[in-house]
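Okay, structure first, notes after.
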Amino acid sequence: MNEPRTDITELSLEQRAALGSGASFWTTKAIGEIPAIVLTDGPHGVRRQSGNATDHLGIGGSKPATCFPPAAGLGQTWDPELVERIGTALGDECLSLDVHVLLGPGVNIKRDPRCGRNFEYYSEDPLLSGVLGAAWVRGVQSRGVGASVKHFAANNAEHDRMRASSDVDDRTLREIYLRAFEHVVREAQPWTVMCSYNRINGVYAAENAWLLTKVLRDEWGFDGVVVSDWGAVRDRVAAVAAGLDLEMPSAGGVTDADVVAAVAAGTLDDAAVTRAAERVARLAVRASENAVTTGSFDGDAHHHLAREAARRAVVLLKNDGDLLPLAPSTLAVIGTFAQHPRYQGGGSSHVNPTRVDVPLDEIRALAGDYDVTYTADASAAVAAAAAADTAIVILGLTAEEESEGYDREHIDLPADQIELLRAVVEVQPRTVVVLSHGGVVRLGPVAELAPAIIDGALLGQAGGGAIADVLFGVVNPSGRLAETVPLRLEDTPAYLNFPSENGHTVYGERIFVGYRWFDARDLEVTYPFGHGLSYTRFEYSDLEVSDDLTVLLRVTNTGSRAGREVVQVYASLPGSRVSRPPRWLVGFTGVTLSPGEQRSVEIPVSRTALTYWDVNTEGWVLEGGDYTVSVGASSRDLRLHATTTLAGDEIRVPFTRESTLGEILADPVAAPIALDALSKAAPAGTDTTALGTDLLRMLASIPIERMIGFSGGRVTRDQLDELLTAINSHRP
Ligand code: BGC
């Protein structure tokens, strides 16, 4: 990071404390030669407010900016290259709107479909979330604008979000909830990280030294600014001590005075205040030096990019009898979303779009001379459907049904929408459903009725055009679900532990989130993670896994249209020593092929993607063994499998008095030494070689210090300690 021109140590304590909190809702303070900078939402567009109309809930107005697909849509692209280009465009819009830090991306895991803010997050899978989040950061920061990866961490529900504690065990935190953040920090070096509102295992994120200092800085090497979520600081002094640098928004100087008083009283280290001030100053200098005020951005080009992204985000869920793509014909378009599209979520990320593509207009434009009738009147709609060649019914959730700030209580589509669909399908078998929603909805009833379904999730301001493009085959859909569509809410992993109760959320499903859960429980789902159909067909062949873990295969387009296939790589380790899901995503790539074309595809898999968090050594461990590597078109459409044998890391935890006999006898070095000692301690005449397997199994769970009592005093504490020293010193 650039060095500030002002020497921080020359600033008074009051000035240093002041640097650590906002000057206004969206700005930091200018002190000496350190300039003020502007931070604003994010993530899928720039919400630049001015004057007094400032808020963090999307209530006040903001300047027009391109509304790209929110993360719920972008996640379905599985396309980091595209996400990076969007990041670059967002960076350009920031420059033209005088914004120095854009508050995004959101890489929290979609733990439960009811979370009201799932639309702002990419996926239930940490690898997919991390890869897309890092791409977003790279794009934004390539323009000299800072990113703020959020909400750090374990912020997976809106209910009571400013108080509730996410009670999560270490392994689950590391493997599921921190992993995407770790990926973004290590791969893309975001200028800032935003700590979340909630507590983690009882400690507020803003006051969590383990999270903000040990993990984020000491382990991951983060050297930027930790900024609070807006209003997340309860105790600024505790937060500064834990590693928070910037409290937002302005607290009117109240908490600056708290910091000064705490240093004077000796309860806060002056060095912590200096450190925070230095980091904020470096950020401000870097951001303002990089900022080139452009005054405007290319709205047409960005709208075009938003349409490209929206096209790529659409998932073809079902297409019985190849009903899609539509040939020019008469159409009945049904549902208010056709005229008033739902394309983004509610709350702080709400963007004032530069323009909005209306699906009905876009469908009409592609239908040419054919009749396209539209009504919202239910009975007229059914009559129109009967008279047309094909009906298009747009279903979904309204903005009120899901938003930042509150969670959903169910995942059903409104009952009247299902009834309307039923009535339409009765008179028109050629019915296509288009879906618009932020969080997952129960699709069993829709899939039972409609022969074709396309899922737009939320597509941003150009979504209307993208929907028409997919319906008419202008593009071949290649989106993939980034989240499982369950049969029932009751089947989902956190069903009984969502949201918090009495201030605590128990993450009882542990690492079994999303498809990891459905696969481990062997539960039927409506559509699996990674699912998405195409208007063409792809065949996979010649799978190999190289020594450096590159997955190589050949993909052939055997259909009659050009298209993009998202090839997914999953790993599994049967017989693992720790509990693992049956398979987990370790890599993916997109490949675009013309009809008949085939191409070799290489997907690098990092060893990190195979590791588990070992709670004994508090580190990542690659377990040795025979890994199955599977490639396929979804988590439940695995086409080819290969086995690769990895040596794995040696983990050596010293044996202690608490170690069990079983643990010691399982160790090839320790076992003979222990058996020898056992035979010496046994009463004279005991034949220890006759210890049967069953007896050893029964004794296996006994911590060896209990042998003192069981041996009736023949084994002493000193002997035991000597034995442990001998064992530990013989192990490599
Ligand atoms: C949200 C953040 C947002 C901030 C500023 C908070 O309510 O949780 O995501 O960046 O407000 O609007």
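Residues in the structure tokens are named by chain (A, B, ... in the order shown) and by number from 1 within that chain; ligands are numbered from 1 in the order shown.
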What residues of the protein or nucleic acid chains come within 7 Å of ligand 1 when you use only C-alpha atoms and all ligand atoms? Reply as a PyMOL selection string.
chain A and resi 40-42+55-57+103+150-151+229-230+348
DSSP on the backbone, alpha helix (DSSP H) only: what residues of segment 129-262 of chain A does that give? Format it as a PyMOL selection string.
chain A and resi 129-141+170-172+179-188+209+236-242+254-262
Restricted to N, CA and C atoms, what would the selected residues look like written as a short mmCIF file (atom, residue, chain, number, x, y, z; two decimals), in the first residue's frame?
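Dumped everything to result_8.cif:
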data_model
loop_
_atom_site.label_atom_id
_atom_site.label_comp_id
_atom_site.auth_asym_id
_atom_site.auth_seq_id
_atom_site.Cartn_x
_atom_site.Cartn_y
_atom_site.Cartn_z
N SER A 129 -18.15 -19.44 -4.32
CA SER A 129 -18.27 -18.08 -3.76
C SER A 129 -16.93 -17.37 -3.77
N GLY A 130 -15.88 -18.09 -3.38
CA GLY A 130 -14.56 -17.48 -3.29
C GLY A 130 -14.00 -17.10 -4.65
N VAL A 131 -14.17 -18.00 -5.62
CA VAL A 131 -13.62 -17.74 -6.96
C VAL A 131 -14.32 -16.53 -7.59
N LEU A 132 -15.65 -16.48 -7.47
CA LEU A 132 -16.38 -15.36 -8.07
C LEU A 132 -16.10 -14.06 -7.29
N GLY A 133 -16.02 -14.17 -5.97
CA GLY A 133 -15.73 -12.98 -5.16
C GLY A 133 -14.37 -12.40 -5.49
N ALA A 134 -13.38 -13.26 -5.66
CA ALA A 134 -12.03 -12.78 -5.98
C ALA A 134 -12.02 -12.10 -7.35
N ALA A 135 -12.77 -12.65 -8.29
CA ALA A 135 -12.83 -12.06 -9.63
C ALA A 135 -13.44 -10.66 -9.56
N TRP A 136 -14.50 -10.52 -8.77
CA TRP A 136 -15.16 -9.21 -8.60
C TRP A 136 -14.17 -8.20 -8.04
N VAL A 137 -13.42 -8.61 -7.02
CA VAL A 137 -12.44 -7.71 -6.38
C VAL A 137 -11.36 -7.31 -7.38
N ARG A 138 -10.84 -8.29 -8.13
CA ARG A 138 -9.80 -7.98 -9.11
C ARG A 138 -10.28 -6.93 -10.11
N GLY A 139 -11.53 -7.12 -10.56
CA GLY A 139 -12.07 -6.18 -11.55
C GLY A 139 -12.19 -4.78 -10.98
N VAL A 140 -12.83 -4.63 -9.86
CA VAL A 140 -13.03 -3.30 -9.26
C VAL A 140 -11.69 -2.64 -8.99
N GLN A 141 -10.79 -3.41 -8.37
CA GLN A 141 -9.52 -2.80 -7.95
C GLN A 141 -8.59 -2.51 -9.12
N ASP A 170 -15.00 -24.87 15.06
CA ASP A 170 -13.85 -24.39 14.29
C ASP A 170 -13.74 -24.98 12.90
N ARG A 171 -13.94 -26.29 12.81
CA ARG A 171 -13.75 -26.93 11.51
C ARG A 171 -14.77 -26.39 10.51
N THR A 172 -16.01 -26.26 10.96
CA THR A 172 -17.06 -25.76 10.08
C THR A 172 -16.78 -24.32 9.67
N ARG A 179 -13.90 -19.93 4.37
CA ARG A 179 -13.07 -20.34 3.23
C ARG A 179 -13.16 -19.38 2.04
N ALA A 180 -14.37 -18.90 1.73
CA ALA A 180 -14.48 -17.98 0.60
C ALA A 180 -13.75 -16.68 0.91
N PHE A 181 -13.86 -16.21 2.16
CA PHE A 181 -13.14 -14.99 2.54
C PHE A 181 -11.63 -15.20 2.39
N GLU A 182 -11.17 -16.36 2.86
CA GLU A 182 -9.74 -16.66 2.78
C GLU A 182 -9.28 -16.63 1.33
N HIS A 183 -10.07 -17.24 0.46
CA HIS A 183 -9.72 -17.28 -0.96
C HIS A 183 -9.61 -15.85 -1.51
N VAL A 184 -10.60 -15.02 -1.21
CA VAL A 184 -10.61 -13.66 -1.75
C VAL A 184 -9.41 -12.87 -1.21
N VAL A 185 -9.16 -13.00 0.09
CA VAL A 185 -8.06 -12.24 0.69
C VAL A 185 -6.72 -12.68 0.11
N ARG A 186 -6.52 -13.97 0.02
CA ARG A 186 -5.23 -14.47 -0.47
C ARG A 186 -5.05 -14.22 -1.97
N GLU A 187 -6.12 -14.40 -2.74
CA GLU A 187 -5.98 -14.33 -4.20
C GLU A 187 -6.12 -12.92 -4.77
N ALA A 188 -6.89 -12.08 -4.11
CA ALA A 188 -7.20 -10.79 -4.74
C ALA A 188 -6.84 -9.58 -3.89
N ALA A 209 -10.89 -10.41 18.21
CA ALA A 209 -9.45 -10.37 17.90
C ALA A 209 -9.01 -11.63 17.16
N ARG A 236 -16.40 0.72 20.73
CA ARG A 236 -15.29 1.09 19.82
C ARG A 236 -13.94 0.74 20.42
N VAL A 237 -13.82 0.90 21.73
CA VAL A 237 -12.51 0.63 22.36
C VAL A 237 -12.16 -0.85 22.21
N ALA A 238 -13.13 -1.71 22.52
CA ALA A 238 -12.88 -3.16 22.37
C ALA A 238 -12.61 -3.49 20.91
N ALA A 239 -13.30 -2.78 20.01
CA ALA A 239 -13.13 -3.06 18.58
C ALA A 239 -11.73 -2.67 18.10
N VAL A 240 -11.25 -1.51 18.52
CA VAL A 240 -9.90 -1.08 18.11
C VAL A 240 -8.87 -2.07 18.66
N ALA A 241 -9.05 -2.48 19.89
CA ALA A 241 -8.11 -3.44 20.48
C ALA A 241 -8.10 -4.75 19.71
N ALA A 242 -9.27 -5.13 19.16
CA ALA A 242 -9.37 -6.42 18.45
C ALA A 242 -8.84 -6.34 17.03
N VAL A 254 -18.46 10.74 19.25
CA VAL A 254 -18.65 10.13 20.58
C VAL A 254 -17.64 9.01 20.81
N THR A 255 -17.49 8.13 19.82
CA THR A 255 -16.61 6.98 20.05
C THR A 255 -15.13 7.36 19.89
N ASP A 256 -14.85 8.47 19.16
CA ASP A 256 -13.46 8.95 19.11
C ASP A 256 -13.05 9.36 20.53
N ALA A 257 -13.96 10.02 21.22
CA ALA A 257 -13.67 10.45 22.61
C ALA A 257 -13.48 9.23 23.52
N ASP A 258 -14.27 8.16 23.26
CA ASP A 258 -14.10 6.93 24.05
C ASP A 258 -12.69 6.38 23.89
N VAL A 259 -12.20 6.41 22.65
CA VAL A 259 -10.87 5.87 22.36
C VAL A 259 -9.81 6.69 23.09
N VAL A 260 -9.93 8.02 23.00
CA VAL A 260 -8.96 8.90 23.65
C VAL A 260 -8.97 8.65 25.17
N ALA A 261 -10.16 8.54 25.73
CA ALA A 261 -10.27 8.33 27.18
C ALA A 261 -9.67 6.99 27.59
N ALA A 262 -9.88 5.97 26.77
CA ALA A 262 -9.36 4.63 27.11
C ALA A 262 -7.84 4.62 27.09
#
Near segment 634-648 of chain A, counting only C-alpha atoms, which residues have an atom at most 9 Å away, once you skip same-chain residues fewer than 6 positions from it, shown as a VMD selection string?
chain A and resid 480 to 481 515 519 528 to 532 539 to 547 549 566 to 570 583 to 585 621 to 628
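Counting only C-alpha atoms, the residue from A:Val358, A:Val382, A:Ala338, A:Val525 that sits nearest to Val434 of chain A is A:Ala338.
Considering only C-alpha atoms, the residue among A:Val506, A:Leu173, A:Val193, A:Ile200 positioned nearest to Arg217 of chain A is A:Val193.
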